[in-house]
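Novice: my_file-v8.pdb (PDB, C-alpha atoms) pasted underneath:
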ATOM      1  CA  MET B   1     -55.943-250.206-118.469
ATOM      2  CA  THR B   2     -58.298-253.263-118.386
ATOM      3  CA  ASN B   3     -56.669-254.243-115.102
ATOM      4  CA  GLN B   4     -57.381-250.817-113.576
ATOM      5  CA  VAL B   5     -60.954-250.303-114.733
ATOM      6  CA  SER B   6     -63.685-252.648-115.813
ATOM      7  CA  ILE B   7     -63.843-252.144-119.565
ATOM      8  CA  THR B   8     -63.484-254.408-122.530
ATOM      9  CA  ASP B   9     -60.493-254.530-124.797
ATOM     10  CA  VAL B  10     -62.484-252.898-127.564
ATOM     11  CA  GLN B  11     -63.487-249.992-125.281
ATOM     12  CA  ALA B  12     -59.874-249.660-124.141
ATOM     13  CA  CYS B  13     -58.678-249.420-127.755
ATOM     14  CA  CYS B  14     -61.269-246.756-128.504
ATOM     15  CA  LEU B  15     -60.240-244.672-125.484
ATOM     16  CA  LEU B  16     -56.549-244.954-126.328
ATOM     17  CA  GLU B  17     -57.233-243.750-129.840
ATOM     18  CA  LYS B  18     -59.405-240.934-128.472
ATOM     19  CA  HIS B  19     -56.796-239.710-125.990
ATOM     20  CA  LYS B  20     -53.785-240.559-128.138
ATOM     21  CA  GLY B  21     -52.382-243.206-125.807
ATOM     22  CA  ASP B  22     -52.722-241.144-122.623
ATOM     23  CA  ILE B  23     -53.773-243.832-120.120
ATOM     24  CA  VAL B  24     -54.549-241.327-117.377
ATOM     25  CA  LEU B  25     -57.041-239.518-119.553
ATOM     26  CA  CYS B  26     -58.520-242.816-120.603
ATOM     27  CA  VAL B  27     -59.092-243.851-116.968
ATOM     28  CA  LEU B  28     -60.568-240.470-116.129
ATOM     29  CA  ASP B  29     -62.825-240.701-119.136
ATOM     30  CA  VAL B  30     -64.156-244.041-117.879
ATOM     31  CA  TYR B  31     -65.114-242.348-114.596
ATOM     32  CA  ASP B  32     -66.702-239.505-116.556
ATOM     33  CA  TYR B  33     -64.264-236.891-115.142
ATOM     34  CA  HIS B  34     -64.284-233.353-116.674
ATOM     35  CA  ASP B  35     -61.297-231.002-116.345
ATOM     36  CA  ASP B  36     -62.921-227.744-115.270
ATOM     37  CA  SER B  37     -59.572-225.970-115.219
ATOM     38  CA  LYS B  38     -59.381-226.022-118.985
ATOM     39  CA  ASN B  39     -62.884-224.739-119.272
ATOM     40  CA  ASN B  40     -62.048-222.071-116.750
ATOM     41  CA  GLU B  41     -58.918-221.162-118.656
ATOM     42  CA  THR B  42     -60.943-220.927-121.842
ATOM     43  CA  ASP B  43     -63.578-218.866-120.118
ATOM     44  CA  ASN B  44     -60.954-216.676-118.553
ATOM     45  CA  GLU B  45     -59.274-216.160-121.897
ATOM     46  CA  THR B  46     -62.595-215.157-123.406
ATOM     47  CA  GLU B  47     -63.315-212.815-120.535
ATOM     48  CA  ASN B  48     -59.827-211.364-120.781
ATOM     49  CA  GLU B  49     -60.266-210.803-124.478
ATOM     50  CA  ASN B  50     -63.588-209.083-123.843
ATOM     51  CA  ASP B  51     -62.028-207.016-121.071
ATOM     52  CA  ASN B  52     -59.122-206.111-123.317
ATOM     53  CA  ASN B  53     -61.476-205.134-126.085
ATOM     54  CA  THR B  54     -63.508-203.084-123.641
ATOM     55  CA  ASN B  55     -60.367-201.472-122.257
ATOM     56  CA  ASP B  56     -59.085-200.803-125.766
ATOM     57  CA  ASN B  57     -62.381-199.234-126.730
ATOM     58  CA  THR B  58     -62.407-197.177-123.530
ATOM     59  CA  THR B  59     -58.806-196.024-124.112
ATOM     60  CA  GLU B  60     -59.556-195.081-127.701
ATOM     61  CA  ASN B  61     -62.612-193.136-126.586
ATOM     62  CA  GLN B  62     -60.582-191.340-123.927
ATOM     63  CA  LEU B  63     -57.803-190.508-126.386
ATOM     64  CA  SER B  64     -60.324-189.263-128.907
ATOM     65  CA  ARG B  65     -61.961-187.048-126.280
ATOM     66  CA  PHE B  66     -58.561-185.834-125.123
ATOM     67  CA  ARG B  67     -57.634-184.877-128.685
ATOM     68  CA  GLU B  68     -60.903-182.950-129.021
ATOM     69  CA  ILE B  69     -60.139-181.046-125.811
ATOM     70  CA  LEU B  70     -56.628-180.232-127.030
ATOM     71  CA  ASP B  71     -57.985-179.040-130.365
ATOM     72  CA  GLU B  72     -60.474-176.767-128.626
ATOM     73  CA  LYS B  73     -57.773-175.370-126.353
ATOM     74  CA  GLU B  74     -55.502-174.759-129.322
ATOM     75  CA  LYS B  75     -58.263-172.845-131.110
ATOM     76  CA  ILE B  76     -58.865-170.698-128.023
ATOM     77  CA  PHE B  77     -55.115-170.093-127.632
ATOM     78  CA  ASN B  78     -54.740-169.068-131.282
ATOM     79  CA  LYS B  79     -57.678-166.680-130.971
ATOM     80  CA  MET B  80     -56.100-165.097-127.910
ATOM     81  CA  ILE B  81     -52.722-164.742-129.651
ATOM     82  CA  ASN B  82     -54.310-163.171-132.747
ATOM     83  CA  SER B  83     -56.344-160.837-130.592
ATOM     84  CA  LYS B  84     -53.273-159.758-128.613
ATOM     85  CA  SER B  85     -51.225-159.207-131.768
ATOM     86  CA  LYS B  86     -53.984-157.059-133.294
ATOM     87  CA  ASN B  87     -54.312-155.047-130.099
ATOM     88  CA  SER B  88     -50.552-154.595-129.838
ATOM     89  CA  SER B  89     -50.328-153.409-133.455
ATOM     90  CA  LYS B  90     -53.198-150.974-132.857
ATOM     91  CA  ASN B  91     -51.572-149.728-129.669
ATOM     92  CA  SER B  92     -48.192-149.353-131.366
ATOM     93  CA  SER B  93     -49.752-147.335-134.193
ATOM     94  CA  LYS B  94     -51.635-145.225-131.650
ATOM     95  CA  ASN B  95     -48.477-144.726-129.625
ATOM     96  CA  SER B  96     -46.490-143.779-132.708
ATOM     97  CA  SER B  97     -49.121-141.245-133.739
ATOM     98  CA  LYS B  98     -49.211-139.940-130.164
ATOM     99  CA  ASN B  99     -45.427-139.685-130.151
ATOM    100  CA  ASN B 100     -45.517-137.763-133.432
ATOM    101  CA  GLN B 101     -48.141-135.432-131.996
ATOM    102  CA  ASN B 102     -46.103-135.032-128.833
ATOM    103  CA  ASN B 103     -43.019-134.182-130.901
ATOM    104  CA  ASP B 104     -44.990-131.494-132.720
ATOM    105  CA  HIS B 105     -46.350-129.971-129.504
ATOM    106  CA  THR B 106     -43.397-130.395-127.137
ATOM    107  CA  LEU B 107     -41.010-127.573-126.404
ATOM    108  CA  GLU B 108     -37.532-128.323-127.719
ATOM    109  CA  ASN B 109     -34.195-126.564-127.837
ATOM    110  CA  ILE B 110     -33.894-126.237-131.618
ATOM    111  CA  ILE B 111     -30.539-125.371-133.161
ATOM    112  CA  TYR B 112     -30.562-124.175-136.758
ATOM    113  CA  ILE B 113     -28.557-122.313-139.383
ATOM    114  CA  SER B 114     -30.237-120.013-141.900
ATOM    115  CA  PHE B 115     -28.384-118.491-144.829
ATOM    116  CA  ASP B 116     -29.142-116.798-148.141
ATOM    117  CA  PHE B 117     -27.197-116.512-151.384
ATOM    118  CA  ASP B 118     -25.385-113.422-150.052
ATOM    119  CA  THR B 119     -24.854-114.556-146.431
ATOM    120  CA  LYS B 120     -21.198-114.318-145.476
ATOM    121  CA  SER B 121     -19.505-117.365-143.959
ATOM    122  CA  PRO B 122     -18.845-118.741-141.453
ATOM    123  CA  PHE B 123     -22.507-119.454-140.776
ATOM    124  CA  LYS B 124     -23.448-119.136-137.114
ATOM    125  CA  PRO B 125     -25.903-121.575-135.496
ATOM    126  CA  GLN B 126     -28.892-120.056-133.741
ATOM    127  CA  LYS B 127     -30.922-121.532-130.898
ATOM    128  CA  VAL B 128     -34.590-121.191-130.022
ATOM    129  CA  ARG B 129     -36.895-123.018-127.598
ATOM    130  CA  ALA B 130     -40.176-123.742-129.348
ATOM    131  CA  GLU B 131     -42.615-126.370-130.559
ATOM    132  CA  ARG B 132     -41.845-127.874-133.976
ATOM    133  CA  ASN B 133     -45.088-126.622-135.530
ATOM    134  CA  TYR B 134     -44.469-123.134-134.235
ATOM    135  CA  PHE B 135     -40.820-123.204-135.370
ATOM    136  CA  THR B 136     -41.717-124.372-138.882
ATOM    137  CA  ARG B 137     -44.610-121.979-139.366
ATOM    138  CA  ASN B 138     -43.412-118.841-137.595
ATOM    139  CA  ILE B 139     -39.645-118.979-137.963
ATOM    140  CA  VAL B 140     -38.685-121.042-141.003
ATOM    141  CA  LEU B 141     -41.584-120.117-143.287
ATOM    142  CA  LYS B 142     -41.399-116.425-142.431
ATOM    143  CA  TYR B 143     -37.645-116.362-142.977
ATOM    144  CA  LEU B 144     -37.942-118.088-146.373
ATOM    145  CA  GLU B 145     -40.819-115.928-147.598
ATOM    146  CA  SER B 146     -39.251-112.757-146.281
ATOM    147  CA  ASN B 147     -35.933-113.378-148.042
ATOM    148  CA  PHE B 148     -37.290-115.010-151.171
ATOM    149  CA  TYR B 149     -40.307-112.786-151.880
ATOM    150  CA  ASN B 150     -40.746-109.801-149.605
ATOM    151  CA  LYS B 151     -37.099-108.787-149.866
ATOM    152  CA  TYR B 152     -37.629-108.173-153.586
ATOM    153  CA  ASP B 153     -41.217-106.867-153.404
ATOM    154  CA  LYS B 154     -42.533-110.086-154.917
ATOM    155  CA  LYS B 155     -45.860-111.475-153.770
ATOM    156  CA  THR B 156     -45.772-114.806-151.937
ATOM    157  CA  PRO B 157     -47.840-117.696-153.319
ATOM    158  CA  SER B 158     -50.170-117.341-150.337
ATOM    159  CA  GLN B 159     -50.763-113.699-151.239
ATOM    160  CA  GLN B 160     -51.270-114.437-154.916
ATOM    161  CA  ASN B 161     -53.602-117.354-154.503
ATOM    162  CA  LYS B 162     -54.126-119.484-151.407
ATOM    163  CA  ALA B 163     -54.808-122.501-153.613
ATOM    164  CA  LEU B 164     -51.278-122.223-155.038
ATOM    165  CA  TYR B 165     -49.626-122.110-151.633
ATOM    166  CA  GLN B 166     -47.156-124.977-151.150
ATOM    167  CA  LYS B 167     -45.719-126.353-147.947
ATOM    168  CA  ILE B 168     -42.066-126.221-147.008
ATOM    169  CA  THR B 169     -39.876-128.877-148.583
ATOM    170  CA  THR B 170     -37.846-130.775-145.975
ATOM    171  CA  ARG B 171     -34.926-132.985-147.055
ATOM    172  CA  VAL B 172     -32.725-135.142-144.828
ATOM    173  CA  VAL B 173     -29.048-134.275-144.805
ATOM    174  CA  GLN B 174     -27.322-137.426-146.043
ATOM    175  CA  ASN B 175     -24.340-138.857-147.942
ATOM    176  CA  LYS B 176     -21.524-136.311-148.402
ATOM    177  CA  GLY B 177     -23.724-133.567-146.960
ATOM    178  CA  ASN B 178     -23.192-135.031-143.475
ATOM    179  CA  LYS B 179     -19.546-134.012-143.633
ATOM    180  CA  ILE B 180     -20.547-130.370-144.082
ATOM    181  CA  SER B 181     -23.257-130.392-141.401
ATOM    182  CA  ARG B 182     -20.890-131.997-138.861
ATOM    183  CA  LYS B 183     -18.519-129.042-139.310
ATOM    184  CA  TRP B 184     -21.391-126.893-138.031
ATOM    185  CA  GLY B 185     -21.927-129.262-135.099
ATOM    186  CA  LEU B 186     -25.218-130.559-136.517
ATOM    187  CA  THR B 187     -26.372-134.202-136.557
ATOM    188  CA  LYS B 188     -29.556-135.861-137.836
ATOM    189  CA  ALA B 189     -30.181-132.610-139.654
ATOM    190  CA  VAL B 190     -32.591-131.537-142.396
ATOM    191  CA  ILE B 191     -32.549-128.699-144.893
ATOM    192  CA  MET B 192     -35.742-126.685-145.515
ATOM    193  CA  TYR B 193     -36.731-124.466-148.437
ATOM    194  CA  LEU B 194     -39.744-123.613-150.602
ATOM    195  CA  PRO B 195     -40.500-125.891-153.578
ATOM    196  CA  GLU B 196     -40.522-122.967-156.017
ATOM    197  CA  GLN B 197     -36.919-122.107-155.098
ATOM    198  CA  ILE B 198     -35.592-125.045-157.140
ATOM    199  CA  LYS B 199     -34.965-124.015-160.740
ATOM    200  CA  ASN B 200     -33.379-125.561-163.815
ATOM    201  CA  LYS B 201     -30.143-123.744-164.432
ATOM    202  CA  SER B 202     -30.491-123.915-168.215
ATOM    203  CA  ASP B 203     -33.959-122.299-168.061
ATOM    204  CA  ILE B 204     -32.910-119.240-166.102
ATOM    205  CA  GLU B 205     -29.583-118.754-167.919
ATOM    206  CA  ASN B 206     -30.860-119.008-171.486
ATOM    207  CA  THR B 207     -33.779-116.581-171.152
ATOM    208  CA  GLN B 208     -33.811-112.846-170.500
ATOM    209  CA  ASP B 209     -37.246-112.338-168.959
ATOM    210  CA  ASN B 210     -37.514-110.592-165.602
ATOM    211  CA  ASP B 211     -38.109-113.769-163.606
ATOM    212  CA  SER B 212     -35.088-115.522-165.111
ATOM    213  CA  ILE B 213     -32.868-112.544-164.397
ATOM    214  CA  PHE B 214     -34.243-112.373-160.849
ATOM    215  CA  TYR B 215     -33.588-116.070-160.113
ATOM    216  CA  ARG B 216     -30.198-115.963-161.797
ATOM    217  CA  ASN B 217     -29.073-113.195-159.467
ATOM    218  CA  ILE B 218     -30.059-114.985-156.263
ATOM    219  CA  ILE B 219     -28.632-118.481-156.901
ATOM    220  CA  ASN B 220     -27.457-119.829-153.559
ATOM    221  CA  LYS B 221     -24.257-121.531-154.690
ATOM    222  CA  PHE B 222     -23.353-123.014-151.312
ATOM    223  CA  ALA B 223     -26.875-124.408-150.716
ATOM    224  CA  THR B 224     -26.927-125.796-154.268
ATOM    225  CA  ARG B 225     -23.635-127.606-153.687
ATOM    226  CA  PHE B 226     -24.858-128.792-150.278
ATOM    227  CA  LEU B 227     -28.111-130.247-151.705
ATOM    228  CA  PHE B 228     -26.228-131.855-154.569
ATOM    229  CA  ARG B 229     -23.897-133.613-152.120
ATOM    230  CA  CYS B 230     -26.993-134.835-150.282
ATOM    231  CA  SER B 231     -28.251-136.270-153.609
ATOM    232  CA  HIS B 232     -31.343-134.042-153.573
ATOM    233  CA  LEU B 233     -30.513-132.006-156.705
ATOM    234  CA  LYS B 234     -29.661-132.956-160.260
ATOM    235  CA  GLU B 235     -26.640-131.465-162.001
ATOM    236  CA  ASP B 236     -28.786-128.963-163.921
ATOM    237  CA  GLN B 237     -30.732-127.758-160.860
ATOM    238  CA  VAL B 238     -29.998-124.879-158.493
ATOM    239  CA  LEU B 239     -31.526-123.478-155.327
ATOM    240  CA  CYS B 240     -32.372-119.793-155.488
ATOM    241  CA  GLY B 241     -32.549-117.749-152.320
ATOM    242  CA  PRO B 242     -32.483-118.757-148.633
ATOM    243  CA  CYS B 243     -32.612-122.101-146.824
ATOM    244  CA  VAL B 244     -32.614-123.348-143.227
ATOM    245  CA  VAL B 245     -30.634-126.317-141.866
ATOM    246  CA  VAL B 246     -32.115-127.717-138.634
ATOM    247  CA  ASN B 247     -30.302-129.919-136.124
ATOM    248  CA  ASN B 248     -31.688-133.210-134.703
ATOM    249  CA  TRP B 249     -34.918-133.143-136.725
ATOM    250  CA  VAL B 250     -35.053-136.818-137.823
TER     251      VAL B 250
END
Give the structure from the file, written as structure tokens.

Specialist:
Amino acid sequence: MTNQVSITDVQACCLLEKHKGDIVLCVLDVYDYHDDSKNNETDNETENENDNNTNDNTTENQLSRFREILDEKEKIFNKMINSKSKNSSKNSSKNSSKNNQNNDHTLENIIYISFDFDTKSPFKPQKVRAERNYFTRNIVLKYLESNFYNKYDKKTPSQQNKALYQKITTRVVQNKGNKISRKWGLTKAVIMYLPEQIKNKSDIENTQDNDSIFYRNIINKFATRFLFRCSHLKEDQVLCGPCVVVNNWV
């Protein structure tokens, strides 16, 4: 090194120690040479780190904003779904009520069988074209009242006291009763009668008052057996007087 540059032995030893024996660096150091590439690399690394940090921060901000947008959209979507479901449920309930009203006020071909305790079999189906409300009020109710009350000069509940008047009882033909109704050619049928026609057999058989004797004489044995097979009567109950079985009512 002393042959290449004009320095003393002491200076050469110091430079060798400083640059760990790298003679090239020692010579460059004598000429006061600075390696800008290292500085540039350092600067570039710093800049890159800053850029990366900036990019990371920017990406995080964008992701955070994107999540907020998605959350807002999800809220709007959920509101729309809830609103549609509420509207659909309201519409379905309205439609069902409209359908029920339409059923009550639409003309239908109604097939039915009416029979009393003394009606001779086989029972013959009858057919009428009418609205359900009209059929129930003007055909069924009149037939039941006529054969249960008027036939025996008894006052109907509506004649005695309007407050005591009861609607027609309608029971679905089910269980073993379906076997009987199918023999008549009826499906999805119901049986109709007045609530006061159902009596406890023990009550009317063990007493001798006029009402008990009256009900005991008009027990509709076939209708009682029919209702029992439909699981609508208990063993001690009977149906007194007429009833009506209607096709395709349910």

Novice: Between CA of Asn175 in chain B and CA of Val245 in chain B, what is the distance, to one decimal in Å?

Specialist: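 Interatomic distance here is 15.3 Å.
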
Novice: Quick one: pull the distance between CA of Tyr149 in chain B and CA of Ile219 in chain B, Å, one decimal.

Specialist: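 Separation of CA of Tyr149 in chain B and CA of Ile219 in chain B: 13.9 Å.
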
Novice: Quick one: pull the distance between CA of Gln126 in chain B and CA of Arg171 in chain B, Å, one decimal.

Specialist: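 One can read the CA of Gln126 in chain B to CA of Arg171 in chain B distance as 19.5 Å.
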
Novice: Determine the residue membership of the PyMOL selection byres ((chain B and resi 205) around 12) for the file above and supply it as JSON, numbers by chain.

Specialist: {"B": [199, 200, 201, 202, 203, 204, 206, 207, 208, 209, 210, 211, 212, 213, 214, 215, 216, 217, 219, 236, 237, 238]}

Novice: When the PyMOL selection byres ((chain B and resi 192) around 6) is applied to the structure above, which residues does it catch, written out as a ChimeraX atom specification?

Specialist: /B:169-170,191,193,243-244

Novice: What would the file look like if the residues just selected were written as an mmCIF file, keeping the file's coordinate frame with C-alpha atoms?

Specialist:
data_model
loop_
_atom_site.group_PDB
_atom_site.id
_atom_site.type_symbol
_atom_site.label_atom_id
_atom_site.label_comp_id
_atom_site.auth_asym_id
_atom_site.auth_seq_id
_atom_site.Cartn_x
_atom_site.Cartn_y
_atom_site.Cartn_z
ATOM 1 C CA THR B 169 -39.876 -128.877 -148.583
ATOM 2 C CA THR B 170 -37.846 -130.775 -145.975
ATOM 3 C CA ILE B 191 -32.549 -128.699 -144.893
ATOM 4 C CA TYR B 193 -36.731 -124.466 -148.437
ATOM 5 C CA CYS B 243 -32.612 -122.101 -146.824
ATOM 6 C CA VAL B 244 -32.614 -123.348 -143.227
#

Novice: I need the output of the PyMOL selection byres ((chain B and resi 248) around 8) for this file as a list in words; which residues are they?

Specialist: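 With the shown file as input, the PyMOL selection byres ((chain B and resi 248) around 8) matches Ile110, Leu186, Thr187, Lys188, Ala189, Val190, Val246, Asn247, Trp249 and Val250 of chain B.
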
Novice: Have a look at B:Ile7, B:Asn109, B:Lys142, B:Phe117 and name the one nearest to Ala130 in chain B; count all atoms listed in the file.

Specialist: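 Among the listed residues, B:Asn109 lies closest to Ala130 in chain B.
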
Novice: So which residues touch His232 in chain B within 10 Å, counting all atoms listed in the file, skipping near sequence neighbours fewer than 4 positions away, as a PyMOL selection string?

Specialist: chain B and resi 171-174+224+226-228+237

Novice: Go through B:Asn138, B:Asn147, B:Asn220, B:Ser64 one by one, measure the shortest atom-to-atom distance of each to Leu239 in chain B using all atoms listed in the file, and give the residue with the smallest value.

Specialist: B:Asn220
